[in-house]
Amino acid sequence: MSLLTSEGRADFRKFLRRSRVARTALTASVVQAVVQVALEAAIAALFLRNLRSVPATRAEGASERLVELRALGEAVSVYHVIYLLAAVGQPLLTLDSIATQNAIQLVAVNVLNVGLLVYSCIQYLQEKAIFDEFRAALVASGPAGGKLAERVTQSAWSLPLQMAAIAVSAVLCFTTAVWAWKLSAEYDWAIYRRVGADHRTRRMLTVYFVLLMLLKLDVFFYFTFALQFLVVLWKQSQSLANIAIHIVVSAAMIVALYLLATRGTRAERRWMMAAFMAGTAGSVAYLAYKLAQVATQDRFMPVRRSLSFAIAGCIALAIVTFGVAAVAVRNFGRGLVAHLDPRAAANAAGAAKVSGDGDEERAAMATVTVNVDPPPMSQVC
């Protein structure tokens with residue numbers, strides 16, 4: 001059921017009235033978002049206030065190294081924005097999962113929650129490292145810098161808020177896993193009712209929707225990496241050529257590959273999937289190169305942890321997505337397109353019959369379920 005149609009919204013309300021677990025899950029996800037957004041907003045505000053105690057120009061007594069570090073410290077604010085976007089996106093993923101009764105989407109919800117927990121820890125370590133770098137740079141600049149270093153302090157509220165964010169994220173990871181498990185059990189009947197007992201079709205649909213779920217995570221992680229790296233390049237006053245190359249490659253990873261994969265699997269176009277897999281391999285190589293840069297170059301020292309986490313997440317997801325895409329390609333021509341795009345299946349069946357090439361088995365497979373309405377994303381196990 002889709003929330004974009006009146007029938008879908010009616011089915012959604014009916015499911016919510018019938019399912020106590022769904023109501024609990026939706027309420028819990030909204031409460032979680034409110035709590036995490038409030039904590040992160042407070043942490044971001046304190047960080048920016050603490051940052052103002054650091055000299056920003058040579059006139060204020062800052063060395064060239066400190067001016068560079070101060071600019072990177074300002075770039076860290078983008079990580080708070082990304083965290084807030086992820087926290088807001090979590091209840092939206094939950095809503096979409098309930099609306100479509102999609103158990104695979106619940107995996108994405110849990111992955112996102114684990115990412116928020118890990119980033120809460122990285123955020124604390126990174127902020128501490130940045131202010132240590134500030135003080136070290138001031139002390140190294142001479143006696144006057146040593147006096148300025150005494151003024152560079154973090155608020156007394158910074159540590160308690162950071163620890164609270166980590167603790168809350170850990171608890172919410174556990175509670176989300178519990179209600180996600182219970183909610184997936186409630187989807188079972190809808191899955192059986194719409195797909196039936198055809199295990200081969202269920203397996204193929206599972207692969208298809210796992211691929212869609214991975215692509216959504218790919219887009220989010222690619223976007224976080226691209227935005228973080230772009231801000232760092234901008235703050236470091238890199239050449240416009242470097243910035244332009246990063247923007248072009250990021251756009252290809254985020255937009256072009258997603259469109260190739262979604263259209264290629266739905267229409268069973270092998271050349272699209274070949275282009276997607278080649279692009280994914282190229283993206284892994286590009287990300288590995290950037291990870292080596294971040295790990296070895298001192299200019300990334302203040303933001304090394306968060307950038308490394310974002311790039312490593314992108315690489316891991318890209319490798320898994322590549323493998324699942326290969327499995328999806330192996331399922332081409334086995335009748336799955338009839339569930340995903342009945343019109344395309346009908347056209348393919350008609351073309352096979354008219355061509356008279358004797359491939360009756362292919363025509364039969366294309367037509368066997370053409371009259372079945374395309375199932376929602378919940379048709380997975």
# chains A, B, ... in the order shown; residues from 1 in each chain; ligands from 1
$ select_by_dssp --residues "stretch 157-341 of chain A" --states "alpha helix (DSSP H)" --output "MDAnalysis selection string"
chainID A and resid 158:186 188:195 199:235 240:251 257:267 270:296 304:330 337:340
$ closest_residue --among "A:Lys290, A:Arg330, A:Arg203, A:Arg299" --to "A:Arg269" --atoms "only C-alpha atoms"
A:Arg330
$ residues_around --residues "stretch 8-20 of chain A" --least-positions-apart "6" --cutoff "10 Å" --atoms "only C-alpha atoms" --output "VMD selection string"
chain A and resid 1 to 2 26 95 98 to 101 183 186
